[in-house]
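Participant: Below is the structure I would like to discuss, written out as structure tokens.
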Amino acid sequence: MKKQFIALKPFNNKVFYSNAIFNEHSWTGSAYLIAARKLLAKKNIILNTTDIASDIPTQKDIYMDVPYPWELKLWVRILKNSKKNILFIVEPPIVNPFNHMRIFHFFFSKVYSWNDNIIDNVKYFKYDLPVVTDLVRTNRIPFKEKKMLIMMNINWLPFLPFKLLSFSRKELYSERIKALEFFDTYYPSDFCLYGKGWNKPQRFSIKQRLFGFKKYKTYKGEFLQKDKHKILSGFKFSLCFENCYIPGNISEKIIDCFKSGCVPIYYGAPNITNYISSKCFIDFRRFKNYKELVEFMNTMDEKTYNTYIRNIEEFLISKEFKERWSSNAFAKIFLKAITE
């Protein structure tokens, strides 16, 4: 069987080039792209990042997100090879607005997206953002020994020009801040905040660098990724807010809660119940305000809580979960994208 060569433009960060995106022993490695590369190798298809030199022309060029307009070298390549370019949209509009501008999609023969609003199965095809599906067996902490509520997020301020270009009022970053302000002020003994960038100036914020920034008394510090599930397992509930409110935008955030035996209070994809049963999470939209949410959490008994946990555990071992969000599921979609 004749070898084929496929080039991959990884996420918009140079650290992923030189095949670093396929490194299983580094944080730069992407589990689902590693799985895709292994599956392609079985079909005699070689997958390398676009910077790896090859004397043989590539059959397809795969782009994980639209390159920024100033990445001229990549755009020259895109214009030369428009008939063999395939796009996988990863980041939401607030992070990479160019991903979601139809004018840029003209240069790709196929576009794969998590956004249910644009899928037509002609040019736009559905894929779900993969999560690492190895079940993390954290020690299940008894209900009465768990703390009440946690939020684990990077203090990420959207780049203002990107925010303006996204034309989106559906970002949920501001709702995270609103929740943090409420719990830090009124329920500091029941709430913990973890993540990078808190209690220091936000990136891109000249105002905070000049005039100061707020320090949150509930901030517990940064955490290593390997410790994420262990920390989550010590809490009954987690504020689980996506970056944006768009149908189909379901990230690893809710799955991380599930793996840790922590019930998520979810706000993100409006059609979340098309993918995950409402018996597995608390829908934030049910509550008029944060006071109602607090009352709900405080009055939940152990029996009701454990019902959520059982539903979550059943979901994690379900065939549907593996077929939708696993690395192997993504690898099959990736193979289909380049061969059909």
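Residues are referred to by chain and number: the chain letter is A, B, ... according to the order shown in the structure tokens, the number counts from 1 in that chain, and ligands are numbered separately from 1 in the order shown.
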Would you mind listing what lies within 10 Å of Leu47 of chain A as a list in words, with only C-alpha atoms counted and same-chain residues fewer than 6 positions away left out?
Facilitator: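 After dropping sequence-adjacent residues, the list is Gln4, Phe5, Ile6, Ala7, Leu8, Asn19, Phe22, Leu33, Ile34, Ala36, Arg37, Lys38, Leu40, Ala41, Thr58, Lys60, Asp61 and Ile62 of chain A.
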Participant: Restricting the output to N, CA, C and O atoms, write the selected residues as a PDB file, in the first residue's frame.
Facilitator:
```pdb
ATOM      1  N   GLN A   4       0.643   7.641   2.242  1.00  0.00           N
ATOM      2  CA  GLN A   4       0.074   8.972   2.053  1.00  0.00           C
ATOM      3  C   GLN A   4       0.608   9.878   3.150  1.00  0.00           C
ATOM      4  O   GLN A   4       0.921   9.426   4.248  1.00  0.00           O
ATOM      5  N   PHE A   5       0.682  11.155   2.844  1.00  0.00           N
ATOM      6  CA  PHE A   5       1.187  12.116   3.813  1.00  0.00           C
ATOM      7  C   PHE A   5       0.144  13.188   4.076  1.00  0.00           C
ATOM      8  O   PHE A   5      -0.404  13.788   3.144  1.00  0.00           O
ATOM      9  N   ILE A   6      -0.125  13.402   5.358  1.00  0.00           N
ATOM     10  CA  ILE A   6      -1.085  14.400   5.794  1.00  0.00           C
ATOM     11  C   ILE A   6      -0.352  15.394   6.696  1.00  0.00           C
ATOM     12  O   ILE A   6       0.448  14.995   7.547  1.00  0.00           O
ATOM     13  N   ALA A   7      -0.627  16.684   6.514  1.00  0.00           N
ATOM     14  CA  ALA A   7      -0.004  17.715   7.349  1.00  0.00           C
ATOM     15  C   ALA A   7      -1.038  18.289   8.312  1.00  0.00           C
ATOM     16  O   ALA A   7      -2.197  18.511   7.939  1.00  0.00           O
ATOM     17  N   LEU A   8      -0.611  18.528   9.531  1.00  0.00           N
ATOM     18  CA  LEU A   8      -1.493  19.069  10.560  1.00  0.00           C
ATOM     19  C   LEU A   8      -0.958  20.408  11.049  1.00  0.00           C
ATOM     20  O   LEU A   8       0.181  20.501  11.496  1.00  0.00           O
ATOM     21  N   ASN A  19       6.018  18.242  15.711  1.00  0.00           N
ATOM     22  CA  ASN A  19       5.348  17.010  16.172  1.00  0.00           C
ATOM     23  C   ASN A  19       5.201  16.924  17.686  1.00  0.00           C
ATOM     24  O   ASN A  19       4.901  15.857  18.229  1.00  0.00           O
ATOM     25  N   PHE A  22       2.120  15.389  19.195  1.00  0.00           N
ATOM     26  CA  PHE A  22       1.976  13.932  19.218  1.00  0.00           C
ATOM     27  C   PHE A  22       2.832  13.270  20.299  1.00  0.00           C
ATOM     28  O   PHE A  22       2.941  12.040  20.327  1.00  0.00           O
ATOM     29  N   LEU A  33      -5.368  13.643  19.254  1.00  0.00           N
ATOM     30  CA  LEU A  33      -4.608  13.722  18.011  1.00  0.00           C
ATOM     31  C   LEU A  33      -3.557  12.610  17.951  1.00  0.00           C
ATOM     32  O   LEU A  33      -3.227  12.118  16.864  1.00  0.00           O
ATOM     33  N   ILE A  34      -3.050  12.194  19.099  1.00  0.00           N
ATOM     34  CA  ILE A  34      -2.162  11.029  19.146  1.00  0.00           C
ATOM     35  C   ILE A  34      -2.920   9.785  18.693  1.00  0.00           C
ATOM     36  O   ILE A  34      -2.408   8.974  17.905  1.00  0.00           O
ATOM     37  N   ALA A  36      -5.503   9.711  16.725  1.00  0.00           N
ATOM     38  CA  ALA A  36      -5.743   9.843  15.288  1.00  0.00           C
ATOM     39  C   ALA A  36      -4.502   9.458  14.481  1.00  0.00           C
ATOM     40  O   ALA A  36      -4.584   8.753  13.470  1.00  0.00           O
ATOM     41  N   ARG A  37      -3.347   9.897  14.959  1.00  0.00           N
ATOM     42  CA  ARG A  37      -2.104   9.588  14.253  1.00  0.00           C
ATOM     43  C   ARG A  37      -1.834   8.081  14.233  1.00  0.00           C
ATOM     44  O   ARG A  37      -1.392   7.526  13.222  1.00  0.00           O
ATOM     45  N   LYS A  38      -2.120   7.415  15.346  1.00  0.00           N
ATOM     46  CA  LYS A  38      -1.905   5.962  15.416  1.00  0.00           C
ATOM     47  C   LYS A  38      -2.854   5.216  14.477  1.00  0.00           C
ATOM     48  O   LYS A  38      -2.460   4.247  13.813  1.00  0.00           O
ATOM     49  N   LEU A  40      -4.233   6.411  11.734  1.00  0.00           N
ATOM     50  CA  LEU A  40      -3.807   6.678  10.364  1.00  0.00           C
ATOM     51  C   LEU A  40      -2.594   5.837   9.986  1.00  0.00           C
ATOM     52  O   LEU A  40      -2.481   5.351   8.850  1.00  0.00           O
ATOM     53  N   ALA A  41      -1.679   5.645  10.934  1.00  0.00           N
ATOM     54  CA  ALA A  41      -0.473   4.856  10.660  1.00  0.00           C
ATOM     55  C   ALA A  41      -0.824   3.429  10.250  1.00  0.00           C
ATOM     56  O   ALA A  41      -0.161   2.822   9.405  1.00  0.00           O
ATOM     57  N   THR A  58       1.649  16.661   0.368  1.00  0.00           N
ATOM     58  CA  THR A  58       0.621  16.116   1.254  1.00  0.00           C
ATOM     59  C   THR A  58      -0.702  15.978   0.507  1.00  0.00           C
ATOM     60  O   THR A  58      -1.034  16.796  -0.352  1.00  0.00           O
ATOM     61  N   LYS A  60      -3.677  15.905   2.146  1.00  0.00           N
ATOM     62  CA  LYS A  60      -4.601  16.801   2.834  1.00  0.00           C
ATOM     63  C   LYS A  60      -3.820  17.648   3.833  1.00  0.00           C
ATOM     64  O   LYS A  60      -2.822  17.213   4.401  1.00  0.00           O
ATOM     65  N   ASP A  61      -4.317  18.847   4.067  1.00  0.00           N
ATOM     66  CA  ASP A  61      -3.798  19.701   5.132  1.00  0.00           C
ATOM     67  C   ASP A  61      -4.924  19.920   6.137  1.00  0.00           C
ATOM     68  O   ASP A  61      -5.998  20.416   5.775  1.00  0.00           O
ATOM     69  N   ILE A  62      -4.673  19.546   7.389  1.00  0.00           N
ATOM     70  CA  ILE A  62      -5.682  19.663   8.443  1.00  0.00           C
ATOM     71  C   ILE A  62      -5.320  20.829   9.348  1.00  0.00           C
ATOM     72  O   ILE A  62      -4.175  20.937   9.804  1.00  0.00           O
TER      73      ILE A  62
END
```
Participant: Could you give me, as a ChimeraX atom specification, the residues within 10 Å of Tyr290 of chain A, counting only C-alpha atoms and dropping anything in the same chain fewer than 4 positions from it?
Facilitator: /A:178-179,182-183,284,294-296
Participant: Which residue is closest to Ser318 of chain A? Choose from A:Val90, A:Gly197, A:Tyr32, A:Ile276 and count only C-alpha atoms.
Facilitator: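 Nearest to Ser318 of chain A: A:Ile276.
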Participant: Using DSSP assignments from the backbone, pull out every residue in segment 54-263 of chain A that falls under strand (DSSP E or B) and give it to me as JSON, numbers by chain.
Facilitator: {"A": [60, 61, 62, 63, 64, 85, 86, 87, 88, 110, 111, 112, 113, 124, 125, 126, 147, 148, 149, 150, 151, 152, 171, 191, 192, 193, 194, 219, 235, 236, 237, 238, 239, 240, 241, 244, 263]}
Participant: Which polymer residues have any atom within 12 Å of an atom of Ile21 of chain A, counting only C-alpha atoms, with same-chain residues fewer than 2 positions away left out, as a VMD selection string?
Facilitator: chain A and resid 8 to 19 23 to 37 47 to 50 64
Participant: Write out, as a tab-separated table (two decimals), in the first residue's frame, the residues just selected, with N, CA, C and O atoms.
Facilitator:
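And here's again_39.tsv as it stands now:
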```tsv
chain	number	residue	atom	x	y	z
A	8	LEU	N	-0.61	18.53	9.53
A	8	LEU	CA	-1.49	19.07	10.56
A	8	LEU	C	-0.96	20.41	11.05
A	8	LEU	O	0.18	20.50	11.50
A	9	LYS	N	-1.80	21.44	10.97
A	9	LYS	CA	-1.49	22.70	11.64
A	9	LYS	C	-2.12	22.60	13.01
A	9	LYS	O	-3.33	22.62	13.15
A	10	PRO	N	-1.30	22.47	14.08
A	10	PRO	CA	-1.88	22.28	15.41
A	10	PRO	C	-2.49	23.56	15.94
A	10	PRO	O	-2.64	24.55	15.21
A	11	PHE	N	-2.86	23.56	17.21
A	11	PHE	CA	-3.49	24.72	17.82
A	11	PHE	C	-2.59	25.95	17.67
A	11	PHE	O	-1.39	25.84	17.44
A	12	ASN	N	-3.17	27.13	17.83
A	12	ASN	CA	-2.44	28.37	17.56
A	12	ASN	C	-1.41	28.69	18.63
A	12	ASN	O	-1.53	29.66	19.38
A	13	ASN	N	-0.39	27.85	18.69
A	13	ASN	CA	0.71	28.05	19.62
A	13	ASN	C	1.91	27.27	19.08
A	13	ASN	O	1.80	26.07	18.79
A	14	LYS	N	3.03	27.92	18.97
A	14	LYS	CA	4.21	27.31	18.37
A	14	LYS	C	4.75	26.11	19.14
A	14	LYS	O	5.49	25.30	18.59
A	15	VAL	N	4.41	26.00	20.42
A	15	VAL	CA	4.94	24.89	21.21
A	15	VAL	C	4.45	23.54	20.70
A	15	VAL	O	5.04	22.50	21.02
A	16	PHE	N	3.38	23.52	19.90
A	16	PHE	CA	2.82	22.25	19.43
A	16	PHE	C	3.45	21.78	18.12
A	16	PHE	O	3.13	20.69	17.65
A	17	TYR	N	4.32	22.60	17.53
A	17	TYR	CA	4.95	22.22	16.26
A	17	TYR	C	6.08	21.22	16.48
A	17	TYR	O	6.33	20.80	17.60
A	18	SER	N	6.73	20.85	15.38
A	18	SER	CA	7.80	19.84	15.39
A	18	SER	C	7.29	18.53	15.99
A	18	SER	O	8.01	17.82	16.69
A	19	ASN	N	6.02	18.24	15.71
A	19	ASN	CA	5.35	17.01	16.17
A	19	ASN	C	5.20	16.92	17.69
A	19	ASN	O	4.90	15.86	18.23
A	23	ASN	N	3.43	14.05	21.16
A	23	ASN	CA	4.32	13.52	22.19
A	23	ASN	C	3.52	13.02	23.39
A	23	ASN	O	2.95	13.81	24.14
A	24	GLU	N	3.49	11.73	23.57
A	24	GLU	CA	2.71	11.13	24.65
A	24	GLU	C	3.29	11.41	26.03
A	24	GLU	O	2.60	11.26	27.04
A	25	HIS	N	4.55	11.83	26.09
A	25	HIS	CA	5.23	11.99	27.38
A	25	HIS	C	5.42	13.46	27.77
A	25	HIS	O	6.22	13.78	28.63
A	26	SER	N	4.67	14.34	27.11
A	26	SER	CA	4.79	15.76	27.40
A	26	SER	C	3.40	16.38	27.51
A	26	SER	O	2.42	15.87	26.93
A	27	TRP	N	3.32	17.50	28.23
A	27	TRP	CA	2.04	18.21	28.35
A	27	TRP	C	1.57	18.75	27.00
A	27	TRP	O	0.37	19.05	26.82
A	28	THR	N	2.48	18.87	26.04
A	28	THR	CA	2.10	19.36	24.72
A	28	THR	C	1.34	18.33	23.91
A	28	THR	O	0.71	18.66	22.90
A	29	GLY	N	1.41	17.08	24.31
A	29	GLY	CA	0.74	16.02	23.57
A	29	GLY	C	-0.77	16.06	23.72
A	29	GLY	O	-1.29	16.26	24.81
A	30	SER	N	-1.48	15.90	22.62
A	30	SER	CA	-2.94	15.85	22.63
A	30	SER	C	-3.39	14.40	22.48
A	30	SER	O	-3.11	13.76	21.47
A	31	ALA	N	-4.08	13.89	23.49
A	31	ALA	CA	-4.46	12.47	23.49
A	31	ALA	C	-5.27	12.10	22.24
A	31	ALA	O	-5.07	11.05	21.65
A	32	TYR	N	-6.19	12.97	21.85
A	32	TYR	CA	-7.05	12.60	20.72
A	32	TYR	C	-6.34	12.73	19.37
A	32	TYR	O	-6.61	11.96	18.43
A	33	LEU	N	-5.37	13.64	19.25
A	33	LEU	CA	-4.61	13.72	18.01
A	33	LEU	C	-3.56	12.61	17.95
A	33	LEU	O	-3.23	12.12	16.86
A	34	ILE	N	-3.05	12.19	19.10
A	34	ILE	CA	-2.16	11.03	19.15
A	34	ILE	C	-2.92	9.78	18.69
A	34	ILE	O	-2.41	8.97	17.90
A	35	ALA	N	-4.17	9.63	19.17
A	35	ALA	CA	-4.99	8.49	18.77
A	35	ALA	C	-5.26	8.52	17.27
A	35	ALA	O	-5.22	7.48	16.60
A	36	ALA	N	-5.50	9.71	16.73
A	36	ALA	CA	-5.74	9.84	15.29
A	36	ALA	C	-4.50	9.46	14.48
A	36	ALA	O	-4.58	8.75	13.47
A	37	ARG	N	-3.35	9.90	14.96
A	37	ARG	CA	-2.10	9.59	14.25
A	37	ARG	C	-1.83	8.08	14.23
A	37	ARG	O	-1.39	7.53	13.22
A	47	LEU	N	1.10	11.21	9.45
A	47	LEU	CA	0.61	12.51	9.90
A	47	LEU	C	1.71	13.24	10.65
A	47	LEU	O	2.20	12.77	11.68
A	48	ASN	N	2.10	14.41	10.14
A	48	ASN	CA	3.10	15.25	10.78
A	48	ASN	C	2.60	16.69	10.84
A	48	ASN	O	1.69	17.07	10.10
A	49	THR	N	3.19	17.48	11.72
A	49	THR	CA	2.83	18.90	11.73
A	49	THR	C	3.38	19.59	10.49
A	49	THR	O	4.32	19.09	9.85
A	50	THR	N	2.79	20.72	10.14
A	50	THR	CA	3.08	21.37	8.86
A	50	THR	C	4.53	21.80	8.70
A	50	THR	O	4.99	22.01	7.57
A	64	MET	N	-6.25	22.75	12.88
A	64	MET	CA	-6.95	22.81	14.15
A	64	MET	C	-7.09	24.29	14.50
A	64	MET	O	-6.19	24.91	15.06
```
Participant: I want to know what sits within 10 Å of Val263 of chain A, based on only C-alpha atoms, with residues of the same chain fewer than 5 positions away left out; could you give that as a PyMOL selection string?
Facilitator: chain A and resi 149+232-233+235-240+254+257-258+280-282+305-306+308-309+312
Participant: Please return, as a list in words, all residues of segment 237-269 of chain A that DSSP assigns to helix (DSSP H, G or I) on the basis of the backbone.
Facilitator: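 Selecting the helix (DSSP H, G or I) positions of segment 237-269 of chain A gives Glu252, Lys253, Ile254, Ile255, Asp256, Cys257, Phe258 and Lys259 of chain A.
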Participant: Generate a file of the selected residues that holds N, CA, C and O atoms, formatted as a tab-separated table (two decimals), in the first residue's frame.
Facilitator:
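Produced file result.tsv, reproduced below:
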```tsv
chain	number	residue	atom	x	y	z
A	252	GLU	N	-14.42	19.65	28.36
A	252	GLU	CA	-14.02	18.66	29.38
A	252	GLU	C	-14.46	19.06	30.78
A	252	GLU	O	-14.41	18.24	31.69
A	253	LYS	N	-14.91	20.29	30.97
A	253	LYS	CA	-15.22	20.80	32.31
A	253	LYS	C	-16.24	19.94	33.04
A	253	LYS	O	-16.05	19.55	34.19
A	254	ILE	N	-17.34	19.62	32.38
A	254	ILE	CA	-18.39	18.85	33.02
A	254	ILE	C	-17.96	17.39	33.22
A	254	ILE	O	-18.28	16.77	34.23
A	255	ILE	N	-17.17	16.86	32.29
A	255	ILE	CA	-16.70	15.48	32.39
A	255	ILE	C	-15.70	15.34	33.54
A	255	ILE	O	-15.68	14.34	34.25
A	256	ASP	N	-14.85	16.35	33.74
A	256	ASP	CA	-13.91	16.33	34.87
A	256	ASP	C	-14.66	16.24	36.19
A	256	ASP	O	-14.23	15.54	37.12
A	257	CYS	N	-15.77	16.95	36.29
A	257	CYS	CA	-16.60	16.86	37.51
A	257	CYS	C	-17.13	15.45	37.68
A	257	CYS	O	-17.08	14.88	38.78
A	258	PHE	N	-17.63	14.88	36.60
A	258	PHE	CA	-18.19	13.53	36.66
A	258	PHE	C	-17.14	12.53	37.14
A	258	PHE	O	-17.41	11.69	38.01
A	259	LYS	N	-15.94	12.60	36.59
A	259	LYS	CA	-14.89	11.65	36.94
A	259	LYS	C	-14.48	11.77	38.41
A	259	LYS	O	-13.97	10.81	38.99
```
Participant: Which neighbours of Asn298 of chain A fall inside 10 Å, counting only C-alpha atoms, when residues of the same chain fewer than 5 positions from it are skipped, and could you give them as a ChimeraX atom specification?
Facilitator: /A:148,292-293
Participant: What's the 12 Å shell around Gly195 of chain A, counting only C-alpha atoms, without same-chain residues fewer than 2 positions away, as a ChimeraX atom specification?
Facilitator: /A:150-156,192-193,197-200,218-225,227-228,231
Participant: Could you tell me which of A:Lys144, A:Lys226, A:Tyr112, A:Ser278 comes closest to Lys336 of chain A if we count only C-alpha atoms?
Facilitator: A:Tyr112
